[in-house]
Each structure stands twice: as structure tokens, then as C-alpha cells.
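entry12.txt follows; it contains compact mmCIF, C-alpha atoms.
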```txt
# COMPACT_ATOMS: atom_id res chain seq x y z
CA MET A 297 -12.02 -10.35 -12.60
CA ARG A 298 -9.41 -12.57 -10.91
CA ARG A 299 -6.95 -11.80 -13.73
CA HIS A 300 -7.43 -8.08 -13.12
CA LYS A 301 -6.71 -8.49 -9.40
CA ILE A 302 -3.53 -10.43 -10.19
CA THR A 303 -2.46 -7.63 -12.54
CA PHE A 304 -2.79 -5.09 -9.72
CA LEU A 305 -0.95 -7.47 -7.36
CA LEU A 306 1.96 -7.77 -9.81
CA CYS A 307 2.06 -4.00 -10.41
CA GLY A 308 2.32 -3.48 -6.65
CA LEU A 309 4.99 -6.17 -6.33
CA ILE A 310 7.07 -4.56 -9.09
CA ALA A 311 6.67 -1.15 -7.43
CA GLY A 312 7.85 -2.62 -4.11
CA LEU A 313 10.86 -4.34 -5.66
CA THR A 314 11.72 -1.14 -7.53
CA SER A 315 11.47 0.82 -4.27
CA VAL A 316 13.95 -1.50 -2.57
CA THR A 317 16.30 -1.41 -5.58
CA LEU A 318 16.25 2.38 -5.86
CA GLY A 319 16.51 2.62 -2.08
CA THR A 320 19.90 0.91 -2.22
CA LEU A 321 21.04 3.79 -4.42
CA SER A 322 19.37 6.61 -2.49
CA LEU A 323 18.01 6.56 1.04
CA GLU A 324 16.11 9.76 0.17
CA PHE A 325 14.07 7.71 -2.28
CA LEU A 326 12.96 5.48 0.61
CA ALA A 327 11.67 8.60 2.36
CA TYR A 328 9.89 10.30 -0.54
CA GLY A 329 9.69 7.95 -3.52
CA VAL A 330 7.75 4.92 -2.30
CA GLY A 331 4.37 6.69 -2.15
CA PRO A 332 4.55 8.07 -5.71
CA LEU A 333 5.74 4.68 -6.97
CA PHE A 334 2.71 3.03 -5.35
CA PHE A 335 0.51 5.54 -7.16
CA VAL A 336 2.22 4.64 -10.45
CA ALA A 337 1.53 0.95 -9.73
CA VAL A 338 -2.20 1.63 -9.25
CA VAL A 339 -2.39 3.75 -12.40
CA ALA A 340 -0.48 1.05 -14.31
CA GLY A 341 -3.01 -1.52 -13.06
CA ILE A 342 -5.87 0.71 -14.21
CA ALA A 343 -4.25 1.14 -17.64
CA ILE A 344 -3.26 -2.51 -18.18
CA THR A 345 -6.63 -3.94 -17.13
CA GLY A 346 -8.50 -1.37 -19.25
CA VAL A 347 -10.61 -0.20 -16.33
CA TRP A 348 -10.17 3.40 -17.52
CA ARG A 349 -12.51 2.66 -20.45
CA GLN A 350 -15.36 1.73 -18.11
CA PHE A 351 -14.51 3.95 -15.20
CA ARG A 352 -13.68 7.59 -15.91
CA ILE A 353 -11.25 9.15 -13.46
CA SER A 354 -10.65 12.88 -13.87
CA PHE A 355 -7.23 14.48 -13.95
CA TRP A 356 -7.81 16.24 -10.61
CA ARG A 357 -8.66 12.94 -8.92
CA TYR A 358 -5.43 11.41 -10.23
CA SER A 359 -3.53 14.49 -9.01
CA ALA A 360 -5.17 14.29 -5.59
CA GLY A 361 -4.39 10.56 -5.49
CA LEU A 362 -0.71 11.18 -6.23
CA LEU A 363 -0.50 13.82 -3.52
CA LEU A 364 -2.32 11.67 -0.98
CA SER A 365 -0.27 8.57 -1.79
CA THR A 366 2.92 10.56 -1.24
CA ILE A 367 1.71 12.13 2.01
CA THR A 368 0.42 8.78 3.28
CA TYR A 369 3.80 7.08 2.99
CA VAL A 370 5.64 9.97 4.65
CA ALA A 371 3.02 10.04 7.44
CA ALA A 372 3.44 6.26 7.88
CA LEU A 373 7.20 6.77 8.29
CA VAL A 374 6.58 9.47 10.90
CA ALA A 375 4.15 7.17 12.75
CA PHE A 376 6.70 4.34 12.63
CA SER A 377 9.44 6.57 14.04
CA ALA A 378 7.23 8.14 16.71
CA VAL A 379 5.67 4.93 18.03
CA GLY A 380 8.90 2.94 17.72
CA GLY A 381 10.88 5.71 19.39
CA PHE A 382 8.51 6.33 22.29
CA SER A 383 7.50 2.71 22.95
CA PRO A 384 10.45 2.02 25.30
CA ASN A 385 9.28 4.87 27.55
CA LEU A 386 5.57 4.17 27.17
CA PHE A 387 5.59 0.37 27.36
CA GLY A 388 8.95 -0.35 28.99
CA VAL A 389 10.21 -2.40 26.05
CA GLN A 390 13.83 -2.63 24.96
CA LEU A 391 14.87 -0.30 22.13
CA SER A 392 16.21 -1.97 18.99
CA ALA A 393 19.78 -0.96 18.20
CA HIS A 394 18.99 -1.41 14.51
CA ILE A 395 15.71 -1.75 12.62
CA GLU A 396 16.56 -5.32 11.60
CA ASP A 397 16.75 -6.31 15.29
CA PHE A 398 12.92 -6.26 15.06
CA ARG A 399 12.16 -6.02 18.74
CA VAL A 400 8.80 -4.93 20.16
CA ASP A 401 9.47 -1.25 19.37
CA VAL A 402 9.89 -2.02 15.65
CA PHE A 403 6.82 -4.26 15.69
CA LEU A 404 4.68 -1.54 17.32
CA GLY A 405 6.09 1.06 14.92
CA LEU A 406 5.15 -1.09 11.94
CA ILE A 407 1.64 -1.63 13.32
CA ALA A 408 1.22 2.15 13.63
CA ALA A 409 2.66 2.73 10.15
CA GLY A 410 0.34 0.05 8.74
CA GLY A 411 -2.69 1.74 10.31
CA VAL A 412 -1.72 5.15 8.94
CA GLY A 413 -0.95 3.64 5.54
CA ALA A 414 -4.24 1.72 5.45
CA SER A 415 -6.22 4.85 6.32
CA GLY A 416 -4.48 6.95 3.69
CA ILE A 417 -4.83 4.35 0.94
CA ALA A 418 -8.52 3.84 1.82
CA VAL A 419 -9.04 7.59 1.31
CA PHE A 420 -6.94 7.44 -1.87
CA THR A 421 -9.21 4.69 -3.20
CA ALA A 422 -12.31 6.65 -2.21
CA ILE A 423 -11.00 9.57 -4.28
CA LEU A 424 -10.63 7.30 -7.31
CA THR A 425 -13.98 5.53 -6.92
CA LYS A 426 -16.01 8.36 -5.33
CA GLU A 427 -17.11 5.84 -2.70
CA TRP A 428 -15.85 5.19 0.83
CA SER A 429 -15.40 1.55 1.85
CA THR A 430 -15.00 0.60 5.51
CA SER A 431 -14.54 -2.98 4.36
CA LEU A 432 -11.53 -1.94 2.28
CA LEU A 433 -10.04 -0.09 5.25
CA LEU A 434 -10.30 -3.21 7.43
CA GLN A 435 -8.77 -5.35 4.67
CA LEU A 436 -5.88 -2.89 4.31
CA VAL A 437 -5.28 -2.95 8.09
CA LEU A 438 -5.22 -6.77 7.96
CA ALA A 439 -2.82 -6.63 5.00
CA GLY A 440 -0.57 -4.36 7.07
CA LEU A 441 -0.57 -6.88 9.93
CA ILE A 442 0.20 -9.76 7.55
CA THR A 443 3.03 -7.76 5.99
CA THR A 444 4.51 -7.05 9.44
CA VAL A 445 4.47 -10.72 10.45
CA VAL A 446 5.90 -11.93 7.12
CA THR A 447 8.61 -9.25 7.25
CA PHE A 448 9.58 -10.49 10.71
CA LEU A 449 9.80 -14.09 9.43
CA VAL A 450 11.75 -13.13 6.29
CA ASN A 451 14.17 -11.07 8.37
CA LEU A 452 14.87 -13.84 10.91
CA PRO A 453 17.43 -15.89 8.94
CA PHE A 454 19.14 -12.89 7.29
CA HIS A 455 18.89 -10.23 10.02
CA ASN A 456 19.78 -7.52 7.52
CA TYR A 457 18.46 -4.03 6.76
CA TRP A 458 17.80 -4.91 3.12
CA SER A 459 16.17 -8.25 3.90
CA PHE A 460 13.88 -6.29 6.23
CA LEU A 461 12.93 -3.81 3.49
CA GLY A 462 12.99 -6.60 0.90
CA GLY A 463 10.15 -8.28 2.76
CA LEU A 464 8.27 -5.17 3.83
CA LEU A 465 8.00 -3.05 0.69
CA PRO A 466 7.29 -5.63 -2.04
CA LEU A 467 4.71 -7.53 0.01
CA GLY A 468 3.09 -4.40 1.44
CA ASN A 469 2.85 -2.72 -1.95
CA ALA A 470 1.57 -5.90 -3.62
CA LEU A 471 -1.19 -6.51 -1.06
CA PHE A 472 -2.28 -2.87 -0.90
CA CYS A 473 -2.31 -2.52 -4.70
CA TRP A 474 -4.26 -5.79 -5.04
CA LEU A 475 -6.89 -4.59 -2.57
CA VAL A 476 -7.18 -1.19 -4.27
CA GLY A 477 -7.56 -2.91 -7.64
CA ALA A 478 -10.22 -5.25 -6.28
CA GLU A 479 -12.15 -2.26 -4.89
CA VAL A 480 -11.90 -0.37 -8.20
CA TRP A 481 -13.21 -3.39 -10.09
CA ARG A 482 -15.97 -3.96 -7.55
CA ASN A 483 -17.01 -0.37 -8.17
CA VAL A 484 -16.92 -0.89 -11.95
CA TYR A 485 -19.07 -4.00 -11.59
CA SER A 486 -21.59 -2.09 -9.47
CA LEU A 487 -21.77 0.68 -12.08
CA GLU A 488 -22.32 -1.88 -14.84
CA GLN A 489 -25.12 -3.49 -12.84
CA LEU A 490 -26.77 -0.08 -12.40
CA ARG A 491 -26.47 0.70 -16.11
CA ASN A 492 -27.86 -2.69 -17.10
CA GLY A 493 -30.73 -2.19 -14.66
CA LYS A 494 -31.66 1.07 -16.30
CA HIS A 495 -31.99 -0.44 -19.80
```
Give the structure from the file, written as C-alpha cells.
Amino acid sequence: MRRHKITFLLCGLIAGLTSVTLGTLSLEFLAYGVGPLFFVAVVAGIAITGVWRQFRISFWRYSAGLLLSTITYVAALVAFSAVGGFSPNLFGVQLSAHIEDFRVDVFLGLIAAGGVGASGIAVFTAILTKEWSTSLLLQLVLAGLITTVVTFLVNLPFHNYWSFLGGLLPLGNALFCWLVGAEVWRNVYSLEQLRNGKH
């Protein structure tokens, strides 16, 4: 099972790196393409690990997952902008001139975006597995916090827009995809245990 989790982790990492690369060519992709690419990473993990043979996922659930993954990322961007933009007025913190300045407003914006992203991806996973997991939601929130802190540290020596995104998107996608993959495989294992118990 560890190998399967690593496969999902790598699929997420590749999706994140691809997002940054394509983002350098088109800023519109950063707004609308990251969510669908995350979905592709999860589906690739499902295909590569062979989980689809043991765990049937209908076409409508894949379609709903694609839609939700796309909406989740856009909603996370909106949350980032709203919280980051209003935090100087609400909390009296200094506004960052640029995102790579990474002052308190950016930090709070990323925390909000991570929470929205974690919630959406938890629902996305529940659609795939037909089972809600509060534990997964908490793990995704923690992954969002870890991603925020690591992004801050990666950005410190470079202080660049692309070093900021280069830390945020690959790590965030990798951790989220890894956790989704682990939850899918936990669900598969539970189903196998039930089947074996019946025979």
C-alpha cells in the first residue's frame, strides 16, 4: 500500500510542477487550470495503481469530481484574495505590495485558501469513495498549513513570484493527492475486508 501512496504523491507533484510551468505561459491557466490538473493527477493515480479494478467509480462520479475540483480551486483563490485583501482593515496588518512579500495578509489568505481547498477536496474524495471522512478533512487542513509554512521558507531566499508558486503548487498538490490516494486505498481495503468476511 505504501507504493500506491507514493504513486499518488508523485502524480500530485507532477501536476503541481506542470501547473507552475504552464502558469509561466498563461496566467489564466493559474486561475482555471490547476483544479482540473489536480483531478487528472488523482485519476492517473487510480489508473496507475490499478485501484479501478477493485473499486468501481461511475462516469458521473468522475464528472462530478472534475467539476468540484475545478470549483474548489477557484473558490480557494477567491478566499485567498478576500481574506488577504481585507486583513489589513480587519486585523490592522500591513498589506503586501506583492504576493512574494509574504506578510501576514498573504499568510492569512493562504490559510483561508487551504481551508477552502481542504473542504472541497474532502467532498471530492467522498464523491469518489461514497464515504465522508472527517479524519481526511483534518489531514488536508494540516497539509495546507504545512504547505503554507514550507512555501514561506522556500520563498525567503528567492523572494520571487515563481519561487512562491514553485513551492506552493507542487507541494500542495503532492500532499493533497497523496492523502486522497491513501483514503481511496483505505476504502478499497475496507471493502476487501467486508467481502472476505462474507465468504
Contacts of Ala378 of chain A at 12 Å (only C-alpha atoms; same-chain gap of 5+ positions) as a short mmCIF file (atom, residue, chain, number, x, y, z; two decimals) with C-alpha atoms, in the frame of the given file:
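The resulting file, out_36.cif, is reproduced below:
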```cif
data_model
loop_
_atom_site.label_atom_id
_atom_site.label_comp_id
_atom_site.auth_asym_id
_atom_site.auth_seq_id
_atom_site.Cartn_x
_atom_site.Cartn_y
_atom_site.Cartn_z
CA ALA A 371 3.02 10.04 7.44
CA ALA A 372 3.44 6.26 7.88
CA LEU A 373 7.20 6.77 8.29
CA SER A 383 7.50 2.71 22.95
CA PRO A 384 10.45 2.02 25.30
CA ASN A 385 9.28 4.87 27.55
CA LEU A 386 5.57 4.17 27.17
CA ASP A 401 9.47 -1.25 19.37
CA VAL A 402 9.89 -2.02 15.65
CA LEU A 404 4.68 -1.54 17.32
CA GLY A 405 6.09 1.06 14.92
CA LEU A 406 5.15 -1.09 11.94
CA ILE A 407 1.64 -1.63 13.32
CA ALA A 408 1.22 2.15 13.63
CA ALA A 409 2.66 2.73 10.15
#
```
Please produce, as a tab-separated table, a per-residue contact table for segment 308-412 of chain A versus segment 460-471 of chain A (criterion: any atom at most 7 Å away, all atoms listed in the file considered), showing the nearest atom pair and its distance in Å to one decimal, sorted by chain then residue number.
```
residue	atom	partner	partner_atom	distance
A:Gly308	CA	A:Ala470	CA	3.9
A:Leu309	CA	A:Ala470	CA	4.4
A:Ala311	CA	A:Asn469	CA	6.9
A:Gly312	CA	A:Pro466	CA	3.7
A:Leu313	CA	A:Pro466	CA	5.2
A:Val316	CA	A:Gly462	CA	6.2
A:Phe334	CA	A:Asn469	CA	6.7
A:Glu396	CA	A:Phe460	CA	6.1
```
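Distances to Leu326 of chain A were evaluated for A:Val370, A:Cys307, A:Val476, A:Leu432 using all atoms listed in the file, and the minimum falls at A:Val370.
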Nearest to Tyr328 of chain A by atom-to-atom distance, counting only C-alpha atoms, from A:Tyr369, A:Phe304, A:Phe376, A:Phe472
A:Tyr369
As an exercise, work out the distance from atom CA of Glu427 of chain A to atom CA of Arg482 of chain A in Å and give it to one decimal place.
11.0 Å
Which one is closest to Val374 of chain A: A:Val484, A:Ala439, A:Val330, A:Gly413? Count only C-alpha atoms.
A:Gly413
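In terms of minimum interatomic distance to Ile342 of chain A, A:Thr425 ranks closest within A:Gln390, A:Thr320, A:Thr425, A:Thr314, counting all atoms listed in the file.
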Do a neighbour search on Asn451 of chain A at 12 Å with all atoms listed in the file, toss out local chain neighbours closer than 4 positions, and write the hits as a PDB file with C-alpha atoms, keeping the file's coordinate frame.
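Once written, result-v3.pdb looks like this:
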```pdb
ATOM      1  CA  ILE A 395      15.710  -1.750  12.620  1.00  0.00           C
ATOM      2  CA  GLU A 396      16.560  -5.320  11.600  1.00  0.00           C
ATOM      3  CA  ASP A 397      16.750  -6.310  15.290  1.00  0.00           C
ATOM      4  CA  PHE A 398      12.920  -6.260  15.060  1.00  0.00           C
ATOM      5  CA  ARG A 399      12.160  -6.020  18.740  1.00  0.00           C
ATOM      6  CA  THR A 443       3.030  -7.760   5.990  1.00  0.00           C
ATOM      7  CA  THR A 444       4.510  -7.050   9.440  1.00  0.00           C
ATOM      8  CA  VAL A 445       4.470 -10.720  10.450  1.00  0.00           C
ATOM      9  CA  VAL A 446       5.900 -11.930   7.120  1.00  0.00           C
ATOM     10  CA  THR A 447       8.610  -9.250   7.250  1.00  0.00           C
ATOM     11  CA  HIS A 455      18.890 -10.230  10.020  1.00  0.00           C
ATOM     12  CA  ASN A 456      19.780  -7.520   7.520  1.00  0.00           C
ATOM     13  CA  TYR A 457      18.460  -4.030   6.760  1.00  0.00           C
ATOM     14  CA  TRP A 458      17.800  -4.910   3.120  1.00  0.00           C
ATOM     15  CA  SER A 459      16.170  -8.250   3.900  1.00  0.00           C
ATOM     16  CA  PHE A 460      13.880  -6.290   6.230  1.00  0.00           C
ATOM     17  CA  LEU A 461      12.930  -3.810   3.490  1.00  0.00           C
ATOM     18  CA  GLY A 462      12.990  -6.600   0.900  1.00  0.00           C
ATOM     19  CA  GLY A 463      10.150  -8.280   2.760  1.00  0.00           C
ATOM     20  CA  LEU A 464       8.270  -5.170   3.830  1.00  0.00           C
TER      21      LEU A 464
END
```
Using the incomplete input, complete segment 419-430 of chain A to the level of all heavy atoms; output as a short mmCIF file (atom, residue, chain, number, x, y, z; two decimals), in the frame of the given file.
```cif
data_model
loop_
_atom_site.label_atom_id
_atom_site.label_comp_id
_atom_site.auth_asym_id
_atom_site.auth_seq_id
_atom_site.Cartn_x
_atom_site.Cartn_y
_atom_site.Cartn_z
N VAL A 419 -8.58 6.29 1.79
CA VAL A 419 -9.04 7.59 1.31
C VAL A 419 -8.65 7.78 -0.15
O VAL A 419 -9.43 8.29 -0.97
CB VAL A 419 -8.48 8.75 2.18
CG1 VAL A 419 -8.85 10.11 1.60
CG2 VAL A 419 -8.99 8.63 3.61
N PHE A 420 -7.42 7.39 -0.49
CA PHE A 420 -6.94 7.44 -1.87
C PHE A 420 -7.88 6.68 -2.81
O PHE A 420 -8.26 7.17 -3.88
CB PHE A 420 -5.52 6.85 -1.91
CG PHE A 420 -5.02 6.46 -3.27
CD1 PHE A 420 -4.73 7.41 -4.23
CD2 PHE A 420 -4.80 5.13 -3.58
CE1 PHE A 420 -4.24 7.05 -5.48
CE2 PHE A 420 -4.31 4.75 -4.81
CZ PHE A 420 -4.03 5.71 -5.77
N THR A 421 -8.29 5.50 -2.39
CA THR A 421 -9.21 4.69 -3.20
C THR A 421 -10.58 5.35 -3.30
O THR A 421 -11.21 5.32 -4.35
CB THR A 421 -9.34 3.27 -2.61
OG1 THR A 421 -8.03 2.72 -2.41
CG2 THR A 421 -10.12 2.35 -3.54
N ALA A 422 -11.02 5.95 -2.20
CA ALA A 422 -12.31 6.65 -2.21
C ALA A 422 -12.28 7.83 -3.18
O ALA A 422 -13.29 8.14 -3.83
CB ALA A 422 -12.66 7.13 -0.80
N ILE A 423 -11.13 8.48 -3.31
CA ILE A 423 -11.00 9.57 -4.28
C ILE A 423 -11.15 9.04 -5.69
O ILE A 423 -11.82 9.64 -6.53
CB ILE A 423 -9.63 10.29 -4.11
CG1 ILE A 423 -9.63 11.11 -2.81
CG2 ILE A 423 -9.33 11.20 -5.31
CD1 ILE A 423 -8.29 11.70 -2.45
N LEU A 424 -10.55 7.89 -5.97
CA LEU A 424 -10.63 7.30 -7.31
C LEU A 424 -12.04 6.81 -7.64
O LEU A 424 -12.53 6.99 -8.75
CB LEU A 424 -9.65 6.15 -7.45
CG LEU A 424 -8.15 6.46 -7.39
CD1 LEU A 424 -7.34 5.20 -7.60
CD2 LEU A 424 -7.76 7.51 -8.43
N THR A 425 -12.68 6.18 -6.66
CA THR A 425 -13.98 5.53 -6.92
C THR A 425 -15.19 6.40 -6.56
O THR A 425 -16.31 6.04 -6.87
CB THR A 425 -14.08 4.21 -6.13
OG1 THR A 425 -14.02 4.50 -4.73
CG2 THR A 425 -12.97 3.25 -6.52
N LYS A 426 -14.94 7.51 -5.84
CA LYS A 426 -16.01 8.36 -5.33
C LYS A 426 -16.90 7.62 -4.33
O LYS A 426 -18.08 7.90 -4.20
CB LYS A 426 -16.90 8.91 -6.46
CG LYS A 426 -16.21 9.83 -7.42
CD LYS A 426 -17.21 10.35 -8.43
CE LYS A 426 -16.55 11.22 -9.46
NZ LYS A 426 -17.51 11.67 -10.48
N GLU A 427 -16.32 6.64 -3.65
CA GLU A 427 -17.11 5.84 -2.70
C GLU A 427 -16.22 5.35 -1.57
O GLU A 427 -15.19 4.71 -1.81
CB GLU A 427 -17.74 4.65 -3.44
CG GLU A 427 -18.61 3.79 -2.57
CD GLU A 427 -19.18 2.61 -3.36
OE1 GLU A 427 -19.71 2.82 -4.47
OE2 GLU A 427 -19.09 1.48 -2.86
N TRP A 428 -16.60 5.65 -0.33
CA TRP A 428 -15.85 5.19 0.83
C TRP A 428 -16.19 3.73 1.12
O TRP A 428 -17.34 3.31 1.00
CB TRP A 428 -16.16 6.04 2.05
CG TRP A 428 -15.58 5.48 3.32
CD1 TRP A 428 -16.25 4.80 4.29
CD2 TRP A 428 -14.21 5.50 3.70
NE1 TRP A 428 -15.37 4.42 5.28
CE2 TRP A 428 -14.11 4.83 4.95
CE3 TRP A 428 -13.04 6.02 3.12
CZ2 TRP A 428 -12.90 4.67 5.61
CZ3 TRP A 428 -11.84 5.87 3.79
CH2 TRP A 428 -11.78 5.20 5.02
N SER A 429 -15.18 2.96 1.52
CA SER A 429 -15.40 1.55 1.85
C SER A 429 -14.72 1.22 3.18
O SER A 429 -13.48 1.16 3.26
CB SER A 429 -14.84 0.65 0.75
OG SER A 429 -14.90 -0.70 1.15
N THR A 430 -15.53 1.02 4.21
CA THR A 430 -15.00 0.60 5.51
C THR A 430 -14.42 -0.80 5.41
O THR A 430 -13.41 -1.12 6.05
CB THR A 430 -16.11 0.64 6.58
OG1 THR A 430 -16.65 1.96 6.63
CG2 THR A 430 -15.58 0.27 7.94
#
```
